[in-house]
Structures are given as C-alpha cells and as structure tokens.
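Following: one structure in structure tokens, then a few remarks.
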Amino acid sequence: MADPAAVGKMDKIVALCKRRGFIFQSSEIYGGLNGAWDYGPLGVELKRNLKDYWWKSMTQMRDDIVGFDGSILMNRAVWQASGHEATFSDPMVECLLTKKRYRADQIEPQSGTAYYYKGLKIAQPGASQALTSEPTPGLQVLLKFVELPFAVLVPKGKPEASAQKTARQFYVTRGYAEDKIASLELEKSEPLENTTQFNPENGAELSPPRTFNLMFKTYIGPVADESAITYLRPETAQAMFVQFKNVLEVSRKKLPFGIAQVGKAFRNEINPRNFTFRSREFEQMEVEFFVKPGTGPEWLEKWKEERLAWYESIGIPRAKIHVLTVPEADRAFYSQGTYDLEYEFPFGIQELEGIAHRGNYDLKQHAEKSGKPLEYFDEEAKAKYLPEVVEPSAGVDRTVLALLCEAYAEETVKDEESGKEETRIVLRFVPRMAPVKVGIFPLLKNKPDLVAKARELQKALQPLMKVAYDEAGSIGKRYRRIDEEGTPFGITVDFETFEGAKTASTSATGASIAEGEKETVTLRHRDSMKQERIALADVPAYLLRAIS
RNA sequence: GCGGGCGUAGUUCAAUGGUAGAACGGUAGCCUUCCAAGCUACACACGAGGGUUCGAUUCCCUCCGCCCGCUCCA
C-alpha cells in the first residue's frame, strides 16, 4: 500500500472520476461528508450496468432465484433478533499506551498491584542538562510538575520500578522527552483482584469503555423516545429472511431456491477509507440461497465458482481475484464457512464479495423471536425443516471501483506524421459495462450533410443503447475524449459515406458491399484504435451483438 | 478514534501581508477530409469559520475534507 506507483495510480483514477463525471464527493460545496460519494452522469451509467447485469444473471438467466426489494427501515425487533443490536453496541476500550482497541468483554481479568501516578516532574525548557546523567555539582535544575494521571498494573511481587518503566513510556508517547523526566509522582498503590481496567499485554491503563455502534440509529414518528428507535439497515439480507415465508408462498419454488436483492445499506464505519471502497452509505447485491439441511457446504463451493465466472464476465480477470478461505476465528459467529473474493486494488488486496454459509441461524432466530413458524415443508420427504442458507453478498460500489481500476490504462502513442509521443488515457471497460456504448461523429461539423446523417444515426441508435453525439473540435480529439470515458466504439460519418465503398469490401457482418451500393461509415475501436468500414445498415446489429 | 502529510480554476502546478498567474481541459465562433492541429473570444479557484492586522489566500486557532500508517470493519 505504501507503493508510490500504486498511490499515484489511485490518485489518477480519483482525478479522472471527477474530471469525467464518474464520482464526486458528497456535499462537496459544503466541504464534503466523510464516507459518502455521489455518482455523476457516467458513474451512474456504469453502476446501473453493473447492477442490471447482476440482476439479469440472477433472476432472468436462471429459474431458481426470484427478485425482491425490501424497505430500508424495519421493525427494531428484526435487528434484535438478528443479533445486530447486541453485537453492534459492544463497548470497546483503548490501551492508553499503545492506542490499541479491544472489546471490553474480551479483556482477561488480571490480578496484581496497581500503581497510580498523578503526573510527572520535568525539566523546564532551557535546562541544559540531561537528567539521566549524574547531576553536575552546584548546578540548579528547574523542575515543573505536569498533571497527567496514568496507572499501571504489575504482577504481585514485582517492584515499582517495572511500573515506572511502563509509565515513563506512556509519558514519552505524550510528548515528554525521556531525558527531561525528573521523576514520577506516585499517588497511591493498591492490590487488585480480577480487574479488567488494565491491558493484559503490557499492564497499561485502559480507557473507560465506550460504545461503538455501527448501525445508524433513527426514530420513527415525531417523538424521539426509546419506543421509536430503529436503525437504517446495516445489510440488505435481513429483509429477505424476514419475508422468507411470503416469498416462498407466492413463488411456488422448491428448495433449493434463492431470493435476490440490490439495495442500499448503512454502516457507521469508524474510519471510511480508500475512495469509495469503504463508505458509510453503500449498495449491496445479495442472494440468500436456501438449501436442504446438510447441503450448505456443497452449495458454498458451487456459488464460489459461479461468482468467479461472473466477475470474469464483467471484465475482472480471474487472475486478479483472490479467493480467501476465511479461517474460523475470523468468521462471523453465524458462519459455517466463508469465502472472500478479493480484488487487487492499487491500495491493496481487498474484499469484493463474501460468500457465507450462514446455516439456519437467521431463520431460526426470526422464527424464535417472532413466534412465527418459518419452516419449509418438503413434499417429497414429508418433513418440515429450516433450510440452510448460502449467501453471496457483493458490494456494488466496490465492484464499480474495481471496474474503474481494472479499466484504467495509460499508453504512449506516437503520431505518425510528427513522430511526437504522447500519453493516451483509456478506460478499457468490457462493452457490456461501458457507460456509453458508442460515439457518433460527423467528420466535420460545417458540412450539413455529414451532420444530418450522423444525427439520423444517433436517433436510430438511441432506443437501443446509450449513445454520445459529438461534433466539436477535430475528430482525433473526439476519439480521445471517448477513450477517457471508456466508450468502446466510435462511428464517424465521412465523405465516403455517400460515395459507397471505393472498392468492394467486406462488412463486419460478413456481407459483401458492392461498389457504390451502400452507405458506409468508419467504425473505430477504442482499444486497438483500428478503423474499419462498415455498412451503415449493419451498425445497430453489429453494436447490439458487441455490447450484449 | 490516534499519529503524520496536504487543501489555490475541472485537472496539474505557480506567486503573494495590498489587483491571484500558467498549462492542459471547458464553452462559443472560425477553420479543419480520421487520432488531443490552428486562430479568436469567454467562463471558472485561494475548503469553512473565527482571531491578529488599516488590510489575510498568505500568520495563528478551530472545524471540514483528502491521502498515508495504525486501529476498526458483528
């Protein structure tokens, strides 16, 4: 992450996102808002293409998953049952010496002798002598008392000196030079049994417990009292569990079957970072895939392979995805197995999607807490049971960012006439993800027949795909502009358009074009910068095939 | 949340305790027969608030934001 080239690349991507209108800072004119981002005209197209393709892959291309769109606000009881309310409000403590943070309930109780210091005496600024050396006879050193309480716990029998050593480290981290500390002022010492106020690793005092709640709390209705509390959802999954019975009933599906949802979720992250990667408001694409008890592990494997192939289909190569088998110690408490699919971002290898075998934890919790039966009745086995769930859960914003990082390329191009070299910036999105599919240009804007024909083509293509029309400046400049926007194709209406092909040629669709027979246009490819002539009539079909 | 760095047009960078410049980019017009050509004109910036000062973009403080390292990420 400290790699300057990687940092530089990320900076360039951020600048490009702003320059071309992919991503802006939220509330920018008011100084921004930490952890929130807006998608501009191109960004929203890219994001929509991603979500639409995921939706199509899940709900249209297979018949065992149905779609769903749950509300963001839900009954507070949902979050109590799911465990979010309890686990998101765990108190945390911080080591005053190392600044490391721990869950308060995971601190091992310690016994020993606690030494409480009121503060320290330091040499006044200007004292010329280091206090750690032997005092020079006759030299007066001015001392000042600084009040800064700190406490250390040492095992019984250990001398105060070991407590002093830790305390001195603490004062040094607070900015007092080791050689200026004359003495520490001990307030008291006392034996303590089973205390959790000290760091078991180094004996240093811990801060009082503070609550870090990662859910955004809000109030339903006009009165902001305890009974009105609920939360913005921290994940989209729960709505699908809560509505499991309704969806099952109306969709007439048998196990295994899944529910798919795309939507916003909110987490009050302590420290949003890395552009849009960790945001407080973000979007998820999740499937809750319900399977027969005992078959969770095999479905976990199937989904891992399925999802890897999917990322490849949106232009993220398999080689850039790292599959992390999350070790049991790091898994969420409900998980019986988790894969993280991680992408090589410029700022490090980071998670795009988590695929978790959640067992029947969620349905069981909601059945218990709501008192409503959520079992599935298996007609074949004539048995009622709670299904297990495998959940592929992908981050939309993270994947958009991965698409941008993967697409970003700089290359040196040489002008053939002048021999001058320059840098071309190009976003190599796969066509199906590209925000704009094709640029339409008249070669020259002061030739009315070229403009009219280009406008005609624009109108013809607009119902089929996102098109950009541009007539300003030189043709080369317009090509470069769409390169930076990641538009895979450019079509130029030129003088040859009306003449027909000069010599018989073959169109992109393989149909042969007789001389003077058809109107043709120049088709320019973003990645290779190669050009070919194509029959005007073939353009829609050619492009539709290329972007599907 | 802690520590460090940084905030000047859209971008990349200047300068300055007293009228803020450039390049590229943008817009408009002219021109231009395929890869950021040229000419002309125009628009656009000192992150916010407070303090010191006759006067602050510049010095000081607070806040906000971005980047980096920790931390955090049921």
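Just remember, in the structure tokens the first chain shown is A, the second B, etc., residues are 1-based per chain, and ligands are 1-based in the order shown.
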**OP:** Please determine the contact residues of chain A with respect to chain B at a cut-off of 8 Å, counting only C-alpha atoms (C1' of nucleotides), and supply them as JSON, numbers by chain.
**Re:** {"A": [2, 15, 18, 19, 30, 31, 32, 33, 34, 83, 84, 87, 88, 99, 100, 101, 269, 270, 271, 332, 333, 443, 444, 474, 475, 476, 477, 478, 479, 480, 481, 494, 495, 529]}
Subject >> DSSP helix (DSSP H, G or I) residues within region 191-337 of chain A, as a ChimeraX atom specification >> reply: /A:226-228,237-242,244-251,296-313,318-320,328-330
N, CA and C atoms of the current selection, written as a short mmCIF file (atom, residue, chain, number, x, y, z; two decimals), in the first residue's frame:
```cif
data_model
loop_
_atom_site.label_atom_id
_atom_site.label_comp_id
_atom_site.auth_asym_id
_atom_site.auth_seq_id
_atom_site.Cartn_x
_atom_site.Cartn_y
_atom_site.Cartn_z
N GLU A 226 -37.46 6.23 23.39
CA GLU A 226 -36.93 4.87 23.31
C GLU A 226 -37.79 3.95 22.44
N SER A 227 -39.12 4.13 22.56
CA SER A 227 -40.01 3.21 21.84
C SER A 227 -40.00 3.46 20.33
N ALA A 228 -39.46 4.59 19.91
CA ALA A 228 -39.50 4.93 18.48
C ALA A 228 -38.20 4.56 17.77
N ALA A 237 -29.69 -8.25 3.78
CA ALA A 237 -30.09 -9.65 3.94
C ALA A 237 -31.33 -9.87 4.80
N GLN A 238 -31.42 -9.14 5.92
CA GLN A 238 -32.46 -9.48 6.89
C GLN A 238 -33.88 -9.40 6.34
N ALA A 239 -34.12 -8.42 5.44
CA ALA A 239 -35.47 -8.32 4.88
C ALA A 239 -35.85 -9.59 4.15
N MET A 240 -34.87 -10.24 3.53
CA MET A 240 -35.16 -11.46 2.78
C MET A 240 -35.44 -12.64 3.70
N PHE A 241 -34.78 -12.65 4.85
CA PHE A 241 -35.05 -13.71 5.82
C PHE A 241 -36.43 -13.52 6.43
N VAL A 242 -36.73 -12.27 6.76
CA VAL A 242 -37.98 -11.96 7.42
C VAL A 242 -39.17 -12.25 6.50
N PHE A 244 -39.10 -14.50 4.09
CA PHE A 244 -38.88 -15.82 3.50
C PHE A 244 -40.20 -16.55 3.23
N LYS A 245 -41.07 -16.56 4.22
CA LYS A 245 -42.33 -17.32 4.11
C LYS A 245 -43.22 -16.76 3.00
N ASN A 246 -43.35 -15.43 2.97
CA ASN A 246 -44.18 -14.80 1.93
C ASN A 246 -43.64 -15.09 0.54
N VAL A 247 -42.35 -14.95 0.38
CA VAL A 247 -41.77 -15.16 -0.95
C VAL A 247 -41.91 -16.61 -1.38
N LEU A 248 -41.66 -17.50 -0.45
CA LEU A 248 -41.78 -18.94 -0.73
C LEU A 248 -43.19 -19.27 -1.19
N GLU A 249 -44.16 -18.73 -0.48
CA GLU A 249 -45.58 -18.98 -0.74
C GLU A 249 -45.97 -18.57 -2.16
N VAL A 250 -45.59 -17.35 -2.54
CA VAL A 250 -46.07 -16.84 -3.83
C VAL A 250 -45.24 -17.31 -5.02
N SER A 251 -43.99 -17.69 -4.78
CA SER A 251 -43.14 -18.03 -5.93
C SER A 251 -43.26 -19.49 -6.31
N GLY A 296 -25.42 -27.30 2.56
CA GLY A 296 -24.79 -25.98 2.56
C GLY A 296 -23.37 -25.98 2.02
N PRO A 297 -22.51 -26.86 2.53
CA PRO A 297 -21.11 -26.84 2.06
C PRO A 297 -20.95 -27.02 0.56
N GLU A 298 -21.75 -27.93 -0.03
CA GLU A 298 -21.57 -28.14 -1.48
C GLU A 298 -22.06 -26.92 -2.27
N TRP A 299 -23.14 -26.27 -1.77
CA TRP A 299 -23.62 -25.06 -2.44
C TRP A 299 -22.64 -23.90 -2.27
N LEU A 300 -21.97 -23.88 -1.16
CA LEU A 300 -20.94 -22.85 -0.95
C LEU A 300 -19.88 -22.95 -2.05
N GLU A 301 -19.48 -24.17 -2.37
CA GLU A 301 -18.48 -24.39 -3.42
C GLU A 301 -19.05 -23.97 -4.79
N LYS A 302 -20.28 -24.39 -5.04
CA LYS A 302 -20.90 -24.05 -6.32
C LYS A 302 -20.97 -22.54 -6.52
N TRP A 303 -21.38 -21.85 -5.47
CA TRP A 303 -21.53 -20.40 -5.58
C TRP A 303 -20.18 -19.71 -5.77
N LYS A 304 -19.17 -20.23 -5.13
CA LYS A 304 -17.85 -19.65 -5.31
C LYS A 304 -17.45 -19.69 -6.79
N GLU A 305 -17.64 -20.84 -7.42
CA GLU A 305 -17.27 -20.99 -8.83
C GLU A 305 -18.15 -20.11 -9.72
N GLU A 306 -19.42 -20.11 -9.43
CA GLU A 306 -20.39 -19.31 -10.18
C GLU A 306 -19.99 -17.82 -10.16
N ARG A 307 -19.65 -17.36 -8.98
CA ARG A 307 -19.35 -15.94 -8.83
C ARG A 307 -18.00 -15.56 -9.47
N LEU A 308 -17.04 -16.46 -9.40
CA LEU A 308 -15.75 -16.20 -10.04
C LEU A 308 -15.94 -16.03 -11.54
N ALA A 309 -16.77 -16.90 -12.11
CA ALA A 309 -17.03 -16.81 -13.55
C ALA A 309 -17.74 -15.50 -13.88
N TRP A 310 -18.61 -15.10 -12.97
CA TRP A 310 -19.36 -13.86 -13.21
C TRP A 310 -18.43 -12.65 -13.26
N TYR A 311 -17.48 -12.60 -12.34
CA TYR A 311 -16.56 -11.45 -12.34
C TYR A 311 -15.76 -11.41 -13.65
N GLU A 312 -15.43 -12.58 -14.13
CA GLU A 312 -14.72 -12.62 -15.41
C GLU A 312 -15.59 -12.03 -16.52
N SER A 313 -16.89 -12.27 -16.44
CA SER A 313 -17.79 -11.80 -17.49
C SER A 313 -18.01 -10.28 -17.45
N ARG A 318 -9.82 -13.51 -13.78
CA ARG A 318 -9.70 -14.49 -12.70
C ARG A 318 -8.39 -14.31 -11.93
N ALA A 319 -7.33 -13.96 -12.65
CA ALA A 319 -6.02 -13.84 -12.01
C ALA A 319 -5.97 -12.69 -11.01
N LYS A 320 -6.86 -11.72 -11.16
CA LYS A 320 -6.85 -10.58 -10.24
C LYS A 320 -7.74 -10.81 -9.01
N GLU A 328 -11.79 -19.93 10.68
CA GLU A 328 -12.92 -19.94 11.60
C GLU A 328 -12.86 -18.80 12.60
N ALA A 329 -11.68 -18.50 13.08
CA ALA A 329 -11.53 -17.46 14.10
C ALA A 329 -11.97 -16.10 13.59
N ASP A 330 -11.84 -15.88 12.28
CA ASP A 330 -12.19 -14.57 11.71
C ASP A 330 -13.60 -14.50 11.18
#
```
Subject >> Shell of 9 Å around Asp397 (chain A), only C-alpha atoms (C1' of nucleotides), local chain residues under 6 positions omitted, as a ChimeraX atom specification >> reply: /A:47,276-279,282-284
If you keep C-alpha atoms, can you produce a file of those selected residues as a PDB file, in the first residue's frame?
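Listed below is the output, selection32.pdb:
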```pdb
ATOM      1  CA  LYS A  47     -23.154   1.400 -11.763  1.00  0.00           C
ATOM      2  CA  THR A 276     -15.486   4.747  -2.340  1.00  0.00           C
ATOM      3  CA  PHE A 277     -14.180   1.416  -1.076  1.00  0.00           C
ATOM      4  CA  ARG A 278     -15.363   1.796   2.497  1.00  0.00           C
ATOM      5  CA  SER A 279     -18.303   4.156   2.681  1.00  0.00           C
ATOM      6  CA  PHE A 282     -23.217   1.753   0.220  1.00  0.00           C
ATOM      7  CA  GLU A 283     -25.068  -0.632  -2.009  1.00  0.00           C
ATOM      8  CA  GLN A 284     -25.149  -4.409  -1.875  1.00  0.00           C
TER       9      GLN A 284
END
```
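Every protein or nucleic acid residue with an atom no more than 7 Å from Val438 (chain A), counting only C-alpha atoms (C1' of nucleotides) and leaving out same-chain residues fewer than 5 positions away, appears here: A:Val467, A:Ala468, A:Thr487, A:Pro488, A:Phe489, A:Gly490.
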Original post:
Quick one: DSSP strand (DSSP E) residues in region 132-381 of chain A, as number ranges by chain?
Top reply: A: 143-154, 181-195, 210-211, 217-219, 229-231, 257-266, 281-291, 321-325, 338-345, 348-359, 376-378
**OP:** Find the spatial neighbours of U8 (chain B), counting only C-alpha atoms (C1' of nucleotides), within a cut-off of 9 Å - ignore same-chain residues fewer than 3 positions away - and output them as an MDAnalysis selection string.
**Re:** chainID B and resid 20 45:46 57
Original post:
G26 (chain B): which residues within 12 Å, counting only C-alpha atoms (C1' of nucleotides), same-chain residues fewer than 2 positions away excluded, as a ChimeraX atom specification?
Top reply: /A:19-20,472 /B:9-11,24,28,42-44
Dump of N, CA, C and O atoms (P, O5', C5', C4', C3', O3' and C1' of nucleotides) for the selected residues, as a PDB file, in the first residue's frame:
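Final output, saved to again_32.pdb:
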```
ATOM      1  N   ARG A  19     -13.020  14.411 -13.132  1.00  0.00           N
ATOM      2  CA  ARG A  19     -12.903  15.139 -14.404  1.00  0.00           C
ATOM      3  C   ARG A  19     -13.967  14.716 -15.404  1.00  0.00           C
ATOM      4  O   ARG A  19     -14.539  15.526 -16.110  1.00  0.00           O
ATOM      5  N   ARG A  20     -14.220  13.427 -15.462  1.00  0.00           N
ATOM      6  CA  ARG A  20     -15.150  12.925 -16.458  1.00  0.00           C
ATOM      7  C   ARG A  20     -16.554  12.670 -15.916  1.00  0.00           C
ATOM      8  O   ARG A  20     -17.441  12.242 -16.657  1.00  0.00           O
ATOM      9  N   ALA A 472     -17.781  18.710 -31.875  1.00  0.00           N
ATOM     10  CA  ALA A 472     -16.874  19.808 -31.563  1.00  0.00           C
ATOM     11  C   ALA A 472     -15.411  19.394 -31.700  1.00  0.00           C
ATOM     12  O   ALA A 472     -15.007  18.342 -31.234  1.00  0.00           O
TER      13      ALA A 472
ATOM     14  P     A B   9      -8.431  24.963  -6.728  1.00  0.00           P
ATOM     15  O5'   A B   9      -8.543  25.596  -8.182  1.00  0.00           O
ATOM     16  C5'   A B   9      -9.217  24.897  -9.209  1.00  0.00           C
ATOM     17  C4'   A B   9     -10.214  25.800  -9.863  1.00  0.00           C
ATOM     18  C3'   A B   9     -10.806  25.204 -11.142  1.00  0.00           C
ATOM     19  O3'   A B   9     -12.180  25.532 -11.214  1.00  0.00           O
ATOM     20  C1'   A B   9      -9.751  27.273 -11.616  1.00  0.00           C
ATOM     21  P     G B  10     -13.195  24.592 -10.412  1.00  0.00           P
ATOM     22  O5'   G B  10     -12.945  23.214 -11.160  1.00  0.00           O
ATOM     23  C5'   G B  10     -13.762  22.082 -10.845  1.00  0.00           C
ATOM     24  C4'   G B  10     -13.341  20.932 -11.717  1.00  0.00           C
ATOM     25  C3'   G B  10     -11.874  20.537 -11.576  1.00  0.00           C
ATOM     26  O3'   G B  10     -11.701  19.583 -10.558  1.00  0.00           O
ATOM     27  C1'   G B  10     -12.381  20.890 -13.858  1.00  0.00           C
ATOM     28  P     U B  11     -10.337  19.592  -9.678  1.00  0.00           P
ATOM     29  O5'   U B  11      -9.271  19.069 -10.734  1.00  0.00           O
ATOM     30  C5'   U B  11      -9.306  17.721 -11.199  1.00  0.00           C
ATOM     31  C4'   U B  11      -8.144  17.492 -12.123  1.00  0.00           C
ATOM     32  C3'   U B  11      -6.782  17.856 -11.547  1.00  0.00           C
ATOM     33  O3'   U B  11      -6.237  16.797 -10.786  1.00  0.00           O
ATOM     34  C1'   U B  11      -7.010  18.812 -13.691  1.00  0.00           C
ATOM     35  P     C B  24      -1.934  24.827 -23.591  1.00  0.00           P
ATOM     36  O5'   C B  24      -2.786  23.573 -23.099  1.00  0.00           O
ATOM     37  C5'   C B  24      -2.290  22.252 -23.265  1.00  0.00           C
ATOM     38  C4'   C B  24      -2.969  21.303 -22.311  1.00  0.00           C
ATOM     39  C3'   C B  24      -4.478  21.178 -22.471  1.00  0.00           C
ATOM     40  O3'   C B  24      -4.861  20.333 -23.545  1.00  0.00           O
ATOM     41  C1'   C B  24      -3.955  21.412 -20.190  1.00  0.00           C
ATOM     42  P     A B  28     -20.399  24.813 -27.188  1.00  0.00           P
ATOM     43  O5'   A B  28     -20.194  26.264 -27.807  1.00  0.00           O
ATOM     44  C5'   A B  28     -21.173  27.278 -27.591  1.00  0.00           C
ATOM     45  C4'   A B  28     -20.716  28.578 -28.186  1.00  0.00           C
ATOM     46  C3'   A B  28     -20.215  28.498 -29.626  1.00  0.00           C
ATOM     47  O3'   A B  28     -21.273  28.458 -30.573  1.00  0.00           O
ATOM     48  C1'   A B  28     -18.713  29.780 -28.342  1.00  0.00           C
ATOM     49  P     C B  42     -12.143  38.044 -23.727  1.00  0.00           P
ATOM     50  O5'   C B  42     -13.249  37.074 -23.136  1.00  0.00           O
ATOM     51  C5'   C B  42     -14.623  37.415 -23.238  1.00  0.00           C
ATOM     52  C4'   C B  42     -15.474  36.230 -22.829  1.00  0.00           C
ATOM     53  C3'   C B  42     -15.194  35.682 -21.442  1.00  0.00           C
ATOM     54  O3'   C B  42     -15.819  36.454 -20.440  1.00  0.00           O
ATOM     55  C1'   C B  42     -15.359  33.898 -22.980  1.00  0.00           C
ATOM     56  P     A B  43     -15.188  36.566 -18.956  1.00  0.00           P
ATOM     57  O5'   A B  43     -15.673  35.196 -18.308  1.00  0.00           O
ATOM     58  C5'   A B  43     -17.065  34.899 -18.245  1.00  0.00           C
ATOM     59  C4'   A B  43     -17.244  33.468 -17.829  1.00  0.00           C
ATOM     60  C3'   A B  43     -16.480  33.074 -16.573  1.00  0.00           C
ATOM     61  O3'   A B  43     -17.180  33.441 -15.409  1.00  0.00           O
ATOM     62  C1'   A B  43     -16.176  31.441 -18.248  1.00  0.00           C
ATOM     63  P     C B  44     -16.367  33.983 -14.134  1.00  0.00           P
ATOM     64  O5'   C B  44     -15.783  32.625 -13.564  1.00  0.00           O
ATOM     65  C5'   C B  44     -16.668  31.570 -13.198  1.00  0.00           C
ATOM     66  C4'   C B  44     -15.874  30.328 -12.937  1.00  0.00           C
ATOM     67  C3'   C B  44     -14.688  30.510 -11.995  1.00  0.00           C
ATOM     68  O3'   C B  44     -15.115  30.494 -10.650  1.00  0.00           O
ATOM     69  C1'   C B  44     -14.053  29.203 -13.873  1.00  0.00           C
TER      70        C B  44
END
```
Close residues, Gly486 (chain A) itself excluded, 12 Å, only C-alpha atoms (C1' of nucleotides), min 5 positions apart in chain, as an mmCIF file with C-alpha atoms, in the first residue's frame:
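In the end it all went to around-v1.cif:
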```
data_model
loop_
_atom_site.group_PDB
_atom_site.id
_atom_site.type_symbol
_atom_site.label_atom_id
_atom_site.label_comp_id
_atom_site.auth_asym_id
_atom_site.auth_seq_id
_atom_site.Cartn_x
_atom_site.Cartn_y
_atom_site.Cartn_z
ATOM 1 C CA LEU A 16 -10.314 11.028 -13.729
ATOM 2 C CA CYS A 17 -13.514 10.115 -11.901
ATOM 3 C CA ARG A 20 -15.150 12.925 -16.458
ATOM 4 C CA PHE A 22 -17.936 9.252 -12.662
ATOM 5 C CA LEU A 42 -21.040 8.432 -16.374
ATOM 6 C CA GLY A 43 -20.727 6.826 -12.948
ATOM 7 C CA GLU A 45 -24.472 4.507 -16.075
ATOM 8 C CA LEU A 46 -21.578 2.262 -15.086
ATOM 9 C CA LEU A 403 -14.090 -1.962 -12.768
ATOM 10 C CA LEU A 404 -12.567 1.518 -12.886
ATOM 11 C CA GLU A 406 -9.150 -2.609 -13.943
ATOM 12 C CA ALA A 407 -10.145 -0.481 -16.929
ATOM 13 C CA TYR A 408 -7.713 2.363 -16.318
ATOM 14 C CA ALA A 409 -4.775 2.331 -18.687
ATOM 15 C CA ILE A 425 -5.598 7.567 -21.148
ATOM 16 C CA VAL A 426 -8.206 4.950 -21.880
ATOM 17 C CA LEU A 427 -10.763 3.074 -19.817
ATOM 18 C CA ARG A 428 -10.956 -0.427 -21.191
ATOM 19 C CA PHE A 429 -14.343 -1.474 -19.891
ATOM 20 C CA VAL A 430 -15.801 -4.572 -21.440
ATOM 21 C CA PRO A 431 -18.542 -3.255 -23.755
ATOM 22 C CA ARG A 432 -21.398 -4.583 -21.632
ATOM 23 C CA MET A 433 -20.215 -2.492 -18.672
ATOM 24 C CA ALA A 434 -19.241 0.664 -20.570
ATOM 25 C CA PRO A 435 -21.329 3.685 -19.526
ATOM 26 C CA VAL A 436 -21.684 4.871 -23.114
ATOM 27 C CA LYS A 437 -21.629 2.272 -25.871
ATOM 28 C CA VAL A 438 -20.879 4.334 -28.951
ATOM 29 C CA GLY A 439 -19.853 7.835 -30.012
ATOM 30 C CA ALA A 468 -22.924 10.109 -27.335
ATOM 31 C CA TYR A 479 -11.824 9.977 -30.183
ATOM 32 C CA ARG A 480 -9.551 10.731 -27.254
ATOM 33 C CA ARG A 481 -12.427 12.112 -25.275
ATOM 34 C CA HIS A 525 -12.288 0.554 -31.916
ATOM 35 C CA ARG A 526 -11.286 2.059 -28.588
ATOM 36 C CA ASP A 527 -8.659 -0.451 -27.510
#
```
